[in-house]
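With mmCIF, C-alpha atoms inside, this is input.cif:
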data_final
#
loop_
_atom_site.group_PDB
_atom_site.id
_atom_site.type_symbol
_atom_site.label_atom_id
_atom_site.label_comp_id
_atom_site.auth_asym_id
_atom_site.auth_seq_id
_atom_site.Cartn_x
_atom_site.Cartn_y
_atom_site.Cartn_z
ATOM 1 C CA MET G 387 0.000 0.000 0.000
ATOM 2 C CA PRO G 388 1.426 3.442 -0.873
ATOM 3 C CA LYS G 389 2.550 5.617 2.000
ATOM 4 C CA ILE G 390 -0.119 8.008 3.254
ATOM 5 C CA ILE G 391 1.237 11.436 4.115
ATOM 6 C CA SER G 392 -2.043 13.307 4.584
ATOM 7 C CA ASP G 393 -3.310 13.933 8.116
ATOM 8 C CA SER G 394 -6.922 14.202 6.976
ATOM 9 C CA LEU G 395 -9.051 11.549 8.689
ATOM 10 C CA TRP G 396 -11.418 11.348 5.734
ATOM 11 C CA GLU G 397 -8.570 10.970 3.252
ATOM 12 C CA LEU G 398 -7.055 8.218 5.386
ATOM 13 C CA ALA G 399 -10.359 6.355 5.403
ATOM 14 C CA THR G 400 -10.870 6.847 1.671
ATOM 15 C CA ALA G 401 -7.375 5.650 0.832
ATOM 16 C CA GLU G 402 -7.794 2.576 3.016
ATOM 17 C CA VAL G 403 -11.094 1.629 1.407
ATOM 18 C CA GLN G 404 -9.749 2.163 -2.113
ATOM 19 C CA HIS G 405 -6.771 -0.027 -1.296
ATOM 20 C CA GLN G 406 -8.990 -2.751 0.086
ATOM 21 C CA GLU G 407 -11.371 -2.715 -2.879
ATOM 22 C CA SER G 408 -8.495 -2.776 -5.368
ATOM 23 C CA GLU G 409 -7.182 -6.046 -3.969
ATOM 24 C CA GLU G 410 -8.458 -9.116 -5.782
ATOM 25 C CA GLU G 411 -7.953 -11.574 -2.953
ATOM 26 C CA THR G 412 -11.028 -13.093 -1.371
ATOM 27 C CA VAL G 413 -12.323 -11.047 1.555
ATOM 28 C CA SER G 414 -13.962 -12.807 4.503
ATOM 29 C CA ASP G 415 -17.757 -12.639 4.574
ATOM 30 C CA ARG G 416 -19.089 -10.115 7.050
ATOM 31 C CA THR G 417 -21.818 -10.578 9.652
ATOM 32 C CA VAL G 418 -24.254 -7.848 10.713
ATOM 33 C CA PHE G 419 -26.398 -8.432 13.797
ATOM 34 C CA LEU G 420 -29.525 -6.264 14.228
ATOM 35 C CA MET G 421 -31.265 -5.980 17.590
ATOM 36 C CA GLY G 422 -33.267 -3.380 19.452
ATOM 37 C CA SER G 423 -36.674 -2.213 20.619
ATOM 38 C CA LYS G 424 -39.602 -4.557 20.137
ATOM 39 C CA ALA G 425 -41.588 -3.406 17.071
ATOM 40 C CA GLY G 426 -39.009 -0.657 16.647
ATOM 41 C CA GLY G 427 -38.706 -0.929 12.875
ATOM 42 C CA LYS G 428 -35.692 -3.245 12.519
ATOM 43 C CA THR G 429 -37.228 -5.357 9.770
ATOM 44 C CA SER G 430 -38.460 -2.323 7.834
ATOM 45 C CA ILE G 431 -34.998 -0.760 7.953
ATOM 46 C CA LEU G 432 -33.330 -4.007 6.875
ATOM 47 C CA LEU G 433 -35.701 -4.510 3.943
ATOM 48 C CA ARG G 434 -35.111 -0.942 2.751
ATOM 49 C CA CYS G 435 -31.344 -1.377 2.996
ATOM 50 C CA LEU G 436 -31.573 -4.567 0.937
ATOM 51 C CA GLU G 437 -33.966 -2.836 -1.480
ATOM 52 C CA ARG G 438 -36.529 -5.589 -1.088
ATOM 53 C CA ASP G 439 -40.113 -4.626 -1.825
ATOM 54 C CA GLU G 440 -41.731 -6.758 0.868
ATOM 55 C CA ALA G 441 -44.206 -6.042 3.640
ATOM 56 C CA PRO G 442 -42.412 -6.349 6.996
ATOM 57 C CA LYS G 443 -43.585 -9.123 9.313
ATOM 58 C CA PRO G 444 -42.975 -9.571 13.057
ATOM 59 C CA THR G 445 -39.589 -11.199 13.622
ATOM 60 C CA LEU G 446 -39.898 -14.696 15.070
ATOM 61 C CA ALA G 447 -37.138 -15.026 17.656
ATOM 62 C CA LEU G 448 -34.002 -14.897 15.496
ATOM 63 C CA GLU G 449 -34.111 -14.651 11.716
ATOM 64 C CA TYR G 450 -31.389 -14.948 9.092
ATOM 65 C CA THR G 451 -30.988 -13.590 5.586
ATOM 66 C CA PHE G 452 -28.059 -12.476 3.468
ATOM 67 C CA GLY G 453 -27.035 -9.792 1.024
ATOM 68 C CA ARG G 454 -24.614 -9.701 -1.892
ATOM 69 C CA ARG G 455 -22.644 -6.965 -3.604
ATOM 70 C CA ALA G 456 -20.231 -7.035 -6.535
ATOM 71 C CA ARG G 457 -16.674 -6.131 -5.491
ATOM 72 C CA GLY G 458 -15.087 -5.744 -8.891
ATOM 73 C CA HIS G 459 -14.498 -7.275 -12.291
ATOM 74 C CA ASN G 460 -13.939 -11.034 -12.285
ATOM 75 C CA THR G 461 -14.049 -11.249 -8.474
ATOM 76 C CA PRO G 462 -16.518 -13.130 -6.270
ATOM 77 C CA LYS G 463 -19.389 -11.124 -4.844
ATOM 78 C CA ALA G 464 -19.089 -9.988 -1.236
ATOM 79 C CA ILE G 465 -21.589 -11.718 1.026
ATOM 80 C CA ALA G 466 -23.048 -10.320 4.232
ATOM 81 C CA HIS G 467 -24.722 -12.623 6.741
ATOM 82 C CA LEU G 468 -27.604 -10.711 8.341
ATOM 83 C CA TRP G 469 -29.189 -11.740 11.644
ATOM 84 C CA GLU G 470 -32.157 -10.018 13.266
ATOM 85 C CA LEU G 471 -33.201 -10.572 16.867
ATOM 86 C CA GLY G 472 -36.901 -10.166 17.634
ATOM 87 C CA GLY G 473 -38.766 -9.735 20.896
ATOM 88 C CA GLY G 474 -36.845 -6.761 22.259
ATOM 89 C CA THR G 475 -34.806 -7.939 25.248
ATOM 90 C CA SER G 476 -36.802 -11.109 25.993
ATOM 91 C CA LEU G 477 -34.715 -13.342 23.710
ATOM 92 C CA SER G 478 -31.292 -11.829 24.330
ATOM 93 C CA ASP G 479 -29.860 -15.272 25.143
ATOM 94 C CA LEU G 480 -29.983 -16.013 21.408
ATOM 95 C CA VAL G 481 -27.031 -13.696 20.724
ATOM 96 C CA GLN G 482 -24.792 -16.749 21.083
ATOM 97 C CA ILE G 483 -26.037 -18.056 17.719
ATOM 98 C CA PRO G 484 -24.786 -15.274 15.408
ATOM 99 C CA ILE G 485 -21.789 -14.333 17.583
ATOM 100 C CA THR G 486 -19.265 -17.154 17.331
ATOM 101 C CA SER G 487 -15.521 -17.644 17.066
ATOM 102 C CA VAL G 488 -15.951 -17.728 13.282
ATOM 103 C CA SER G 489 -18.131 -14.623 12.863
ATOM 104 C CA VAL G 490 -16.671 -12.328 15.528
ATOM 105 C CA SER G 491 -13.662 -11.243 13.466
ATOM 106 C CA CYS G 492 -15.969 -9.741 10.823
ATOM 107 C CA LEU G 493 -18.919 -8.783 13.022
ATOM 108 C CA SER G 494 -20.785 -5.476 13.275
ATOM 109 C CA VAL G 495 -23.787 -4.714 15.480
ATOM 110 C CA ILE G 496 -26.738 -2.430 14.753
ATOM 111 C CA LEU G 497 -28.853 -1.366 17.740
ATOM 112 C CA VAL G 498 -32.255 0.070 16.755
ATOM 113 C CA LEU G 499 -33.944 2.121 19.491
ATOM 114 C CA ASP G 500 -37.537 3.345 19.179
ATOM 115 C CA LEU G 501 -37.414 7.099 19.794
ATOM 116 C CA SER G 502 -41.201 7.221 20.184
ATOM 117 C CA LYS G 503 -40.953 5.122 23.382
ATOM 118 C CA PRO G 504 -38.275 6.892 25.445
ATOM 119 C CA ASN G 505 -39.326 5.277 28.735
ATOM 120 C CA ASP G 506 -38.161 1.880 27.479
ATOM 121 C CA LEU G 507 -35.086 3.135 25.658
ATOM 122 C CA TRP G 508 -32.399 2.942 28.354
ATOM 123 C CA VAL G 509 -33.405 -0.511 29.629
ATOM 124 C CA THR G 510 -33.536 -1.921 26.094
ATOM 125 C CA MET G 511 -30.190 -0.417 25.183
ATOM 126 C CA GLU G 512 -28.439 -1.553 28.352
ATOM 127 C CA LYS G 513 -29.725 -5.156 28.347
ATOM 128 C CA LEU G 514 -28.989 -5.827 24.686
ATOM 129 C CA LEU G 515 -25.539 -4.256 24.664
ATOM 130 C CA GLN G 516 -24.632 -6.196 27.798
ATOM 131 C CA ALA G 517 -25.797 -9.460 26.200
ATOM 132 C CA VAL G 518 -23.602 -8.880 23.144
ATOM 133 C CA GLN G 519 -20.659 -7.711 25.264
ATOM 134 C CA THR G 520 -20.847 -10.864 27.388
ATOM 135 C CA GLN G 521 -20.967 -13.164 24.374
ATOM 136 C CA VAL G 522 -18.090 -11.407 22.586
ATOM 137 C CA ASP G 523 -16.005 -11.499 25.772
ATOM 138 C CA LYS G 524 -16.738 -15.227 26.025
ATOM 139 C CA VAL G 525 -15.537 -15.814 22.460
ATOM 140 C CA PHE G 526 -12.406 -13.738 23.075
ATOM 141 C CA SER G 527 -11.720 -15.662 26.303
ATOM 142 C CA GLN G 528 -12.028 -19.002 24.530
ATOM 143 C CA ALA G 529 -9.585 -17.832 21.878
ATOM 144 C CA ALA G 530 -7.138 -16.688 24.568
ATOM 145 C CA GLN G 531 -7.301 -20.074 26.286
ATOM 146 C CA ALA G 532 -6.685 -21.826 22.976
ATOM 147 C CA HIS G 533 -3.703 -19.530 22.372
ATOM 148 C CA LYS G 534 -2.192 -20.325 25.775
ATOM 149 C CA SER G 535 -2.515 -24.053 25.174
ATOM 150 C CA LYS G 536 -0.277 -23.861 22.127
ATOM 151 C CA ALA G 537 3.372 -24.789 22.625
ATOM 152 C CA GLY G 538 5.664 -21.823 23.114
ATOM 153 C CA THR G 539 2.885 -19.226 23.595
ATOM 154 C CA LYS G 540 2.071 -19.687 27.294
ATOM 155 C CA ASN G 541 3.746 -16.470 28.436
ATOM 156 C CA GLN G 542 2.960 -14.385 25.369
ATOM 157 C CA PRO G 543 0.211 -11.753 25.741
ATOM 158 C CA PHE G 544 -2.796 -12.419 23.509
ATOM 159 C CA VAL G 545 -4.965 -9.797 21.819
ATOM 160 C CA HIS G 546 -7.787 -11.144 19.693
ATOM 161 C CA PRO G 547 -7.423 -9.905 16.095
ATOM 162 C CA ALA G 548 -11.052 -8.733 16.154
ATOM 163 C CA ALA G 549 -10.590 -6.597 19.286
ATOM 164 C CA ARG G 550 -10.900 -2.869 18.654
ATOM 165 C CA VAL G 551 -7.905 -0.762 19.564
ATOM 166 C CA LEU G 552 -8.472 2.993 19.577
ATOM 167 C CA PRO G 553 -5.826 5.471 18.426
ATOM 168 C CA LYS G 554 -3.871 7.130 21.220
ATOM 169 C CA ASP G 555 -5.349 10.528 20.319
ATOM 170 C CA TYR G 556 -8.977 9.332 20.415
ATOM 171 C CA PRO G 557 -11.132 11.885 22.331
ATOM 172 C CA ASP G 558 -11.583 10.971 26.018
ATOM 173 C CA ARG G 559 -9.774 7.690 25.429
ATOM 174 C CA GLU G 560 -9.217 7.086 29.147
ATOM 175 C CA LEU G 561 -12.832 7.800 30.120
ATOM 176 C CA ILE G 562 -14.790 5.653 27.676
ATOM 177 C CA SER G 563 -15.441 1.951 27.218
ATOM 178 C CA PRO G 564 -15.276 1.071 23.493
ATOM 179 C CA PHE G 565 -17.677 -1.615 22.373
ATOM 180 C CA PRO G 566 -15.696 -4.718 21.383
ATOM 181 C CA VAL G 567 -17.004 -4.722 17.796
ATOM 182 C CA PRO G 568 -18.161 -1.901 15.470
ATOM 183 C CA LEU G 569 -21.491 -0.567 16.696
ATOM 184 C CA LEU G 570 -24.099 1.578 14.950
ATOM 185 C CA ILE G 571 -26.965 2.987 17.037
ATOM 186 C CA ILE G 572 -30.088 3.939 15.083
ATOM 187 C CA GLY G 573 -32.851 6.034 16.601
ATOM 188 C CA SER G 574 -35.968 4.943 14.704
ATOM 189 C CA LYS G 575 -39.367 6.587 14.195
ATOM 190 C CA TYR G 576 -37.834 10.046 14.100
ATOM 191 C CA ASP G 577 -41.049 11.365 12.490
ATOM 192 C CA LEU G 578 -42.912 10.703 15.756
ATOM 193 C CA PHE G 579 -40.024 11.889 17.903
ATOM 194 C CA GLN G 580 -40.088 15.306 16.209
ATOM 195 C CA ASP G 581 -43.425 16.093 17.860
ATOM 196 C CA PHE G 582 -42.026 15.673 21.387
ATOM 197 C CA ASP G 583 -41.494 18.573 23.782
ATOM 198 C CA SER G 584 -38.199 20.293 22.928
ATOM 199 C CA GLU G 585 -36.671 19.691 26.373
ATOM 200 C CA LYS G 586 -37.507 15.979 26.260
ATOM 201 C CA LYS G 587 -36.046 15.694 22.784
ATOM 202 C CA LYS G 588 -32.899 17.335 24.098
ATOM 203 C CA VAL G 589 -32.589 14.791 26.925
ATOM 204 C CA VAL G 590 -32.985 11.825 24.567
ATOM 205 C CA SER G 591 -30.635 13.233 21.939
ATOM 206 C CA LYS G 592 -27.841 14.178 24.344
ATOM 207 C CA THR G 593 -28.131 10.870 26.189
ATOM 208 C CA LEU G 594 -27.786 8.864 22.988
ATOM 209 C CA ARG G 595 -24.853 11.018 21.918
ATOM 210 C CA PHE G 596 -23.172 10.248 25.216
ATOM 211 C CA ILE G 597 -23.847 6.497 24.876
ATOM 212 C CA ALA G 598 -22.482 6.500 21.334
ATOM 213 C CA HIS G 599 -19.343 8.315 22.404
ATOM 214 C CA TYR G 600 -18.912 6.159 25.511
ATOM 215 C CA HIS G 601 -18.929 3.024 23.359
ATOM 216 C CA ALA G 602 -16.998 4.584 20.442
ATOM 217 C CA ALA G 603 -20.034 3.944 18.277
ATOM 218 C CA SER G 604 -21.849 5.787 15.493
ATOM 219 C CA LEU G 605 -25.294 7.346 15.984
ATOM 220 C CA ILE G 606 -27.971 8.346 13.495
ATOM 221 C CA PHE G 607 -31.708 9.072 13.686
ATOM 222 C CA THR G 608 -34.033 7.951 10.915
ATOM 223 C CA SER G 609 -37.590 7.350 9.769
ATOM 224 C CA ILE G 610 -38.708 4.972 7.049
ATOM 225 C CA LYS G 611 -40.991 7.800 5.894
ATOM 226 C CA SER G 612 -37.997 9.996 5.008
ATOM 227 C CA GLU G 613 -36.023 9.080 1.892
ATOM 228 C CA SER G 614 -33.178 11.450 2.772
ATOM 229 C CA LEU G 615 -32.722 9.926 6.230
ATOM 230 C CA MET G 616 -33.011 6.384 4.880
ATOM 231 C CA SER G 617 -30.361 7.084 2.249
ATOM 232 C CA LYS G 618 -27.902 7.809 5.061
ATOM 233 C CA ILE G 619 -28.867 4.562 6.797
ATOM 234 C CA LYS G 620 -28.321 2.660 3.549
ATOM 235 C CA SER G 621 -24.850 4.159 3.260
ATOM 236 C CA PHE G 622 -23.935 3.136 6.795
ATOM 237 C CA PHE G 623 -25.394 -0.327 6.301
ATOM 238 C CA SER G 624 -23.543 -0.852 3.033
ATOM 239 C CA HIS G 625 -20.218 -0.112 4.651
ATOM 240 C CA LEU G 626 -20.938 -2.248 7.712
ATOM 241 C CA ALA G 627 -22.005 -5.177 5.554
ATOM 242 C CA PHE G 628 -19.460 -4.988 2.750
ATOM 243 C CA VAL G 629 -16.509 -2.790 3.748
ATOM 244 C CA THR G 630 -14.201 -3.766 6.585
ATOM 245 C CA LEU G 631 -12.418 -0.594 7.689
ATOM 246 C CA TRP G 632 -14.455 2.490 6.815
ATOM 247 C CA LEU G 633 -16.522 2.740 10.002
ATOM 248 C CA HIS G 634 -13.446 2.193 12.166
ATOM 249 C CA PHE G 635 -12.321 5.645 11.050
ATOM 250 C CA VAL G 636 -15.620 7.474 10.731
ATOM 251 C CA PHE G 637 -16.984 6.899 14.241
ATOM 252 C CA MET G 638 -14.056 8.913 15.589
ATOM 253 C CA THR G 639 -15.532 12.160 14.272
ATOM 254 C CA PHE G 640 -18.959 11.965 15.931
ATOM 255 C CA PHE G 641 -18.400 13.497 19.382
ATOM 256 C CA LEU G 642 -17.020 16.981 19.961
ATOM 257 C CA ASP G 643 -18.635 18.433 23.054
ATOM 258 C CA ILE G 644 -21.783 16.833 24.450
ATOM 259 C CA GLY G 645 -21.774 18.697 27.726
ATOM 260 C CA PRO G 646 -23.458 17.639 31.005
ATOM 261 C CA PRO G 647 -26.834 15.871 31.194
ATOM 262 C CA SER G 648 -29.840 18.083 30.470
ATOM 263 C CA VAL G 649 -31.918 18.433 33.615
ATOM 264 C CA THR G 650 -33.240 21.490 35.470
ATOM 265 C CA ASP G 651 -35.397 20.126 38.291
ATOM 266 C CA VAL G 652 -32.804 18.036 40.130
ATOM 267 C CA ASP G 653 -29.369 18.667 41.616
ATOM 268 C CA ILE G 654 -26.957 16.362 39.769
ATOM 269 C CA THR G 655 -24.685 16.112 42.809
ATOM 270 C CA SER G 656 -27.555 14.620 44.832
ATOM 271 C CA LEU G 657 -27.742 11.589 42.509
ATOM 272 C CA HIS G 658 -24.525 10.051 43.903
ATOM 273 C CA ALA G 659 -23.471 8.518 40.604
ATOM 274 C CA LYS G 660 -20.593 6.022 40.536
ATOM 275 C CA ASN G 661 -19.299 7.112 37.130
ATOM 276 C CA PRO G 662 -20.330 9.269 34.129
ATOM 277 C CA LYS G 663 -22.498 6.543 32.595
ATOM 278 C CA ASP G 664 -24.307 5.988 35.898
ATOM 279 C CA LEU G 665 -24.952 9.739 36.130
ATOM 280 C CA TRP G 666 -26.477 9.859 32.659
ATOM 281 C CA ARG G 667 -28.622 6.824 33.472
ATOM 282 C CA LYS G 668 -29.986 8.364 36.657
ATOM 283 C CA VAL G 669 -30.741 11.684 34.958
ATOM 284 C CA TYR G 670 -32.405 9.944 32.007
ATOM 285 C CA GLU G 671 -34.556 7.722 34.215
ATOM 286 C CA HIS G 672 -35.508 10.778 36.275
ATOM 287 C CA VAL G 673 -37.022 12.305 33.138
ATOM 288 C CA PHE G 674 -38.191 9.029 31.562
ATOM 289 C CA PRO G 675 -38.856 6.453 34.329
ATOM 290 C CA HIS G 676 -39.303 2.914 33.103
ATOM 291 C CA GLU G 677 -43.092 2.561 33.145
ATOM 292 C CA ASN G 678 -44.765 -0.348 34.957
ATOM 293 C CA ALA G 679 -41.558 -2.347 35.097
ATOM 294 C CA SER G 680 -43.170 -5.064 37.208
ATOM 295 C CA GLU G 681 -46.177 -5.405 34.910
ATOM 296 C CA GLN G 682 -44.106 -5.324 31.714
ATOM 297 C CA LYS G 683 -41.752 -8.117 32.754
ATOM 298 C CA GLU G 684 -40.554 -9.709 29.513
ATOM 299 C CA LEU G 685 -41.682 -13.240 28.737
ATOM 300 C CA LYS G 686 -38.851 -15.774 28.753
ATOM 301 C CA ASP G 687 -41.055 -18.320 26.979
ATOM 302 C CA PRO G 688 -41.862 -16.976 23.477
ATOM 303 C CA SER G 689 -44.672 -19.550 23.131
ATOM 304 C CA LYS G 690 -46.657 -17.437 25.609
ATOM 305 C CA ASP G 691 -46.058 -14.180 23.774
ATOM 306 C CA PRO G 692 -49.322 -13.004 22.104
ATOM 307 C CA GLN G 693 -47.235 -11.741 19.172
ATOM 308 C CA TYR G 694 -46.665 -15.368 18.120
ATOM 309 C CA SER G 695 -50.154 -16.741 18.884
ATOM 310 C CA GLU G 696 -51.518 -19.633 16.804
ATOM 311 C CA PRO G 697 -55.043 -20.530 18.044
ATOM 312 C CA GLN G 698 -55.068 -24.205 17.008
ATOM 313 C CA ILE G 699 -51.525 -24.912 18.187
ATOM 314 C CA ASP G 700 -52.051 -22.962 21.408
ATOM 315 C CA ALA G 701 -55.251 -24.958 22.127
ATOM 316 C CA MET G 702 -53.444 -28.279 21.665
ATOM 317 C CA ARG G 703 -50.552 -27.065 23.811
ATOM 318 C CA ALA G 704 -52.951 -25.984 26.567
ATOM 319 C CA GLN G 705 -54.662 -29.385 26.471
ATOM 320 C CA LYS G 706 -51.304 -31.158 26.693
ATOM 321 C CA ASP G 707 -50.229 -28.998 29.633
ATOM 322 C CA GLN G 708 -53.536 -29.733 31.373
ATOM 323 C CA ASN G 709 -53.141 -33.479 30.855
ATOM 324 C CA GLU G 710 -49.593 -33.400 32.227
ATOM 325 C CA TYR G 711 -50.779 -31.343 35.201
ATOM 326 C CA SER G 712 -53.567 -33.850 35.972
ATOM 327 C CA LYS G 713 -51.022 -36.701 36.027
ATOM 328 C CA GLU G 714 -49.002 -35.064 38.782
ATOM 329 C CA PRO G 715 -49.488 -36.632 42.263
#
With the file now loaded, output its structure as structure tokens.
Amino acid sequence: MPKIISDSLWELATAEVQHQESEEETVSDRTVFLMGSKAGGKTSILLRCLERDEAPKPTLALEYTFGRRARGHNTPKAIAHLWELGGGTSLSDLVQIPITSVSVSCLSVILVLDLSKPNDLWVTMEKLLQAVQTQVDKVFSQAAQAHKSKAGTKNQPFVHPAARVLPKDYPDRELISPFPVPLLIIGSKYDLFQDFDSEKKKVVSKTLRFIAHYHAASLIFTSIKSESLMSKIKSFFSHLAFVTLWLHFVFMTFFLDIGPPSVTDVDITSLHAKNPKDLWRKVYEHVFPHENASEQKELKDPSKDPQYSEPQIDAMRAQKDQNEYSKEP
């Protein structure tokens, strides 16, 4: 690769992508994992990005599809493996299926958060990101153990090739916790969000900017009713699915100066936060408390979720359960 002498971040990214696309060697297939708010528009966004003229249907647990894109003359098409998790946070255990030792080196995550339901936003975001973080850490740990078991490598430090390493001059490098794989956060249903009170919109927007910066992620708001906003999503998706390095550069430019949490009716010092993220959580939940948390407890058994109801099957299942119950002593 020719020596790059420019200090421009955009030129560095452009040169890297051009170099990658000019190479004719086979590039590993990429995996994109979509998750987020229940009924938050994940399927609609995915179908638009794939330019498929289909009516979106509720996602059943975990669904798989794929996309293809030509990479150049006389070269195999690039393939992206696309996984979508349904059910909001209720089926987060399924992250272990798309996130494996094989896929993690070429994995990107898209978190779709429904802006029209801000009271559920923080809980959804936190649970799903933690589920992915735990699974990625598990894969990295398994790779480290395998590395140590090899002859002559016992005392050598191991860094997984998929692990993200930020540049030394990355803003607030010592204060943030980069997500282990490239992460794009999408705020969906922006058309409904626009009608919110200006102060509430400010709280949501600044909080998501903080979360994106804290995880060294990218953030964008969209609505499937806006072609201009969806065109930006398509661009992001295309690079996540088919280009390896572009986003690794671009997310660095997102945060300049977010400032403190937006709140006027509470003294921040009285919240006794453990760290910056805890402070933002407490301020956000002060403005948008998680409604009826006890009543909205997520169902662990998807067969009992009304979203997936099948009258005939459910009737037979109920009869079977009743028969088994009657057999108990």
Within 9 Å of G:Ala517, counting all atoms listed in the file, which residues show up once you throw out same-chain ones fewer than 6 positions away? Write them as a VMD selection string, please.
chain G and resid 478 to 479 481 to 482
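With atom CA of G:Leu436 on one side and atom CA of G:Gly453 on the other, the separation reads 6.9 Å.
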From atom CA of G:Thr445 to atom CA of G:Ile699 the spacing works out at 18.7 Å
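Computed from the coordinates, the atom CA of G:Trp469 to atom CA of G:Tyr450 distance equals 4.7 Å.
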When you look at G:Lys575 with a cut-off of 8 Å (counting all atoms listed in the file), what residues show up, excluding the ones that are within fewer than 6 positions of it in the same chain? I need them as a VMD selection string.
chain G and resid 426 to 427 500 to 502 608 to 610
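For the set G:Gln580, G:Gln528, G:Thr417, G:Thr461, the residue with the smallest atom-to-atom gap to G:Cys492 is G:Thr417, counting all atoms listed in the file.
Using all atoms listed in the file, the contacts of stretch 655-662 of chain G at a cut-off of 12 Å, with sequence neighbours closer than 4 positions omitted, comprise Leu561, Ile562, Ser563, Thr593, Phe596, Ile597, His599, Tyr600, Gly645, Pro646, Pro647, Val649, Asp651, Trp666, Arg667, Lys668, Val669, Tyr670, Glu671 and His672 of chain G.
Those residues that approach G:Cys435 to within 10 Å, counting only C-alpha atoms, are Thr429, Ser430, Gly453, Met616, Ser617, Ile619, Lys620, Ser621, Phe622, Phe623 and Ser624 of chain G; same-chain residues fewer than 5 positions away are not listed.
Note on the selection: in this file the PyMOL selection byres ((chain G and resi 567) around 10) comes out as Val490, Ser491, Cys492, Leu493, Ser494, Val495, Val518, Gln519, Val522, Ala548, Ala549, Arg550, Pro564, Phe565, Pro566, Pro568, Leu569, Leu570, His601, Ala602, Ala603 and His634 of chain G.
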Write out as an NGL selection string the residues lying within 10 Å of G:Leu471, counting only C-alpha atoms and excluding same-chain residues fewer than 5 positions away.
:G and (419-424 or 428-429 or 445-450 or 476-478 or 480-481 or 484)
For the selection you just gave me, I'd like the residues written to a file as a PDB file, in the coordinates of the input, keeping C-alpha atoms.
ATOM      1  CA  PHE G 419     -26.398  -8.432  13.797  1.00  0.00           C
ATOM      2  CA  LEU G 420     -29.525  -6.264  14.228  1.00  0.00           C
ATOM      3  CA  MET G 421     -31.265  -5.980  17.590  1.00  0.00           C
ATOM      4  CA  GLY G 422     -33.267  -3.380  19.452  1.00  0.00           C
ATOM      5  CA  SER G 423     -36.674  -2.213  20.619  1.00  0.00           C
ATOM      6  CA  LYS G 424     -39.602  -4.557  20.137  1.00  0.00           C
ATOM      7  CA  LYS G 428     -35.692  -3.245  12.519  1.00  0.00           C
ATOM      8  CA  THR G 429     -37.228  -5.357   9.770  1.00  0.00           C
ATOM      9  CA  THR G 445     -39.589 -11.199  13.622  1.00  0.00           C
ATOM     10  CA  LEU G 446     -39.898 -14.696  15.070  1.00  0.00           C
ATOM     11  CA  ALA G 447     -37.138 -15.026  17.656  1.00  0.00           C
ATOM     12  CA  LEU G 448     -34.002 -14.897  15.496  1.00  0.00           C
ATOM     13  CA  GLU G 449     -34.111 -14.651  11.716  1.00  0.00           C
ATOM     14  CA  TYR G 450     -31.389 -14.948   9.092  1.00  0.00           C
ATOM     15  CA  SER G 476     -36.802 -11.109  25.993  1.00  0.00           C
ATOM     16  CA  LEU G 477     -34.715 -13.342  23.710  1.00  0.00           C
ATOM     17  CA  SER G 478     -31.292 -11.829  24.330  1.00  0.00           C
ATOM     18  CA  LEU G 480     -29.983 -16.013  21.408  1.00  0.00           C
ATOM     19  CA  VAL G 481     -27.031 -13.696  20.724  1.00  0.00           C
ATOM     20  CA  PRO G 484     -24.786 -15.274  15.408  1.00  0.00           C
TER      21      PRO G 484
END
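Proximity ranking of G:Leu497, G:Phe607, G:Asp558, G:Asp664 relative to G:Lys513 places G:Leu497 first, based on only C-alpha atoms.
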Counting all atoms listed in the file, closest pick from G:Leu552, G:Gly473, G:His625, G:Ala701 relative to G:Ala425 is G:Gly473
